[in-house]
Amino acid sequence: MAPGNQRGAIWAESPLARTAWTADVDFRANGPERGSGNLNIWLAHRGNHDIGSNSIYTVGKFEGLGLVIDTHGGSPGMIRGFLNDGTTDYVHQHNVDKLAFGHCYYQYRNLGRPSQIKLRQTHTSFRVEIDGTLCFETDKISI
């Protein structure tokens, strides 16, 4: 969003009806190398109602997955996955970052091209890829 420092949200009107699926999200971030803010990608039940335009740091309880792209901890870029079964109130957590179940480093700012995140749920695993490279994968969850 231009000029930045804004919030927005797009939500599906229908629930996910498949057990195996792939979602692609293309994004691009330009500006100062040490820019702030984050991009959140949500796969959540009642997302429009429970999450709206909140980030992982301002959301309360939700049921599903939050994927966050930011410059966490002064890194040049990181992708982190967060899960909630609807019982944890994220806005009241003292250290939300410790709740991440998977992550990878990815320098995403000022690449001169879009980056592509691919979320893939198969019958045996859930994986997150960035620009065709594995970021993290687990066989412990099913979205």
# chains A, B, ... in the order shown; residues from 1 in each chain; ligands from 1
call {"tool": "residues_around", "arguments": {"residues": "region 74-87 of chain A", "least_positions_apart": "5", "cutoff": "10 Å", "atoms": "only C-alpha atoms", "output": "VMD selection string"}}
result
chain A and resid 33 to 36 38 to 45 50 56 60 to 69 96 to 109 117 128 to 130 135 to 136 141 143
call {"tool": "select_by_dssp", "arguments": {"residues": "chain A", "states": "alpha helix (DSSP H)", "output": "list in words"}}
result
Gly47, Asn48, His49 and Asp50 of chain A
call {"tool": "residues_around", "arguments": {"residues": "region 118-126 of chain A", "least_positions_apart": "5", "cutoff": "10 Å", "atoms": "only C-alpha atoms", "output": "PyMOL selection string"}}
result
chain A and resi 18-26+43+67+131-143
call {"tool": "closest_residue", "arguments": {"among": "A:Ser53, A:Gln93, A:Thr88, A:Thr71", "to": "Ala29 (chain A)", "atoms": "only C-alpha atoms"}}
result
A:Thr71
call {"tool": "select_by_dssp", "arguments": {"residues": "chain A", "states": "strand (DSSP E)", "output": "tab-separated table (two decimals) with C-alpha atoms, in the first residue's frame"}}
result
chain	number	residue	atom	x	y	z
A	21	TRP	CA	-4.29	-27.04	-1.64
A	22	THR	CA	-1.73	-24.44	-2.70
A	23	ALA	CA	-1.94	-20.67	-2.23
A	24	ASP	CA	0.43	-18.25	-3.99
A	25	VAL	CA	0.95	-14.69	-2.79
A	26	ASP	CA	3.12	-12.28	-4.75
A	27	PHE	CA	4.36	-9.17	-2.95
A	38	ASN	CA	5.01	-6.15	8.36
A	39	LEU	CA	2.91	-8.10	5.88
A	40	ASN	CA	0.55	-10.68	7.36
A	41	ILE	CA	-1.00	-13.52	5.37
A	42	TRP	CA	-3.82	-15.24	7.21
A	43	LEU	CA	-5.59	-18.57	6.74
A	44	ALA	CA	-8.08	-18.37	9.55
A	45	HIS	CA	-11.60	-19.34	10.47
A	63	GLU	CA	-8.24	-19.92	14.83
A	64	GLY	CA	-5.76	-20.73	12.08
A	65	LEU	CA	-2.43	-19.63	10.63
A	66	GLY	CA	-0.74	-16.25	10.48
A	67	LEU	CA	2.31	-15.88	8.24
A	68	VAL	CA	4.37	-12.74	8.91
A	69	ILE	CA	6.99	-11.14	6.66
A	70	ASP	CA	9.04	-8.43	8.38
A	78	MET	CA	12.27	-13.00	7.99
A	79	ILE	CA	9.21	-15.13	7.32
A	80	ARG	CA	7.55	-16.67	10.39
A	81	GLY	CA	4.53	-18.90	10.88
A	82	PHE	CA	2.15	-18.64	13.85
A	83	LEU	CA	-0.67	-21.02	14.79
A	84	ASN	CA	-3.58	-20.62	17.15
A	85	ASP	CA	-6.48	-22.90	18.03
A	100	ALA	CA	6.33	-18.89	15.96
A	101	PHE	CA	6.44	-22.55	14.94
A	102	GLY	CA	8.57	-22.10	11.82
A	103	HIS	CA	10.72	-19.44	10.19
A	104	CYS	CA	13.39	-18.61	7.63
A	105	TYR	CA	15.44	-15.57	6.73
A	115	SER	CA	8.63	-12.20	-4.36
A	116	GLN	CA	6.36	-15.25	-4.31
A	117	ILE	CA	5.29	-17.09	-1.20
A	118	LYS	CA	3.73	-20.48	-1.76
A	119	LEU	CA	1.78	-22.14	1.05
A	120	ARG	CA	1.19	-25.79	0.31
A	121	GLN	CA	-0.96	-28.24	2.29
A	126	PHE	CA	2.33	-28.20	5.39
A	127	ARG	CA	5.12	-26.20	3.76
A	128	VAL	CA	6.01	-22.61	3.02
A	129	GLU	CA	8.25	-21.77	0.06
A	130	ILE	CA	9.69	-18.43	-1.01
A	133	THR	CA	12.97	-22.44	-2.11
A	134	LEU	CA	11.75	-24.21	1.02
A	135	CYS	CA	11.35	-21.87	3.98
A	136	PHE	CA	9.92	-24.37	6.50
A	137	GLU	CA	7.86	-27.54	6.54
A	138	THR	CA	6.08	-29.66	9.13
call {"tool": "atom_distance", "arguments": {"atom1": "CA of Val91 (chain A)", "atom2": "CA of Gly47 (chain A)"}}
result
15.6 Å
call {"tool": "atom_distance", "arguments": {"atom1": "CA of Tyr57 (chain A)", "atom2": "CA of Arg7 (chain A)"}}
result
13.1 Å
call {"tool": "atom_distance", "arguments": {"atom1": "CA of Asn54 (chain A)", "atom2": "CA of Pro15 (chain A)"}}
result
19.7 Å
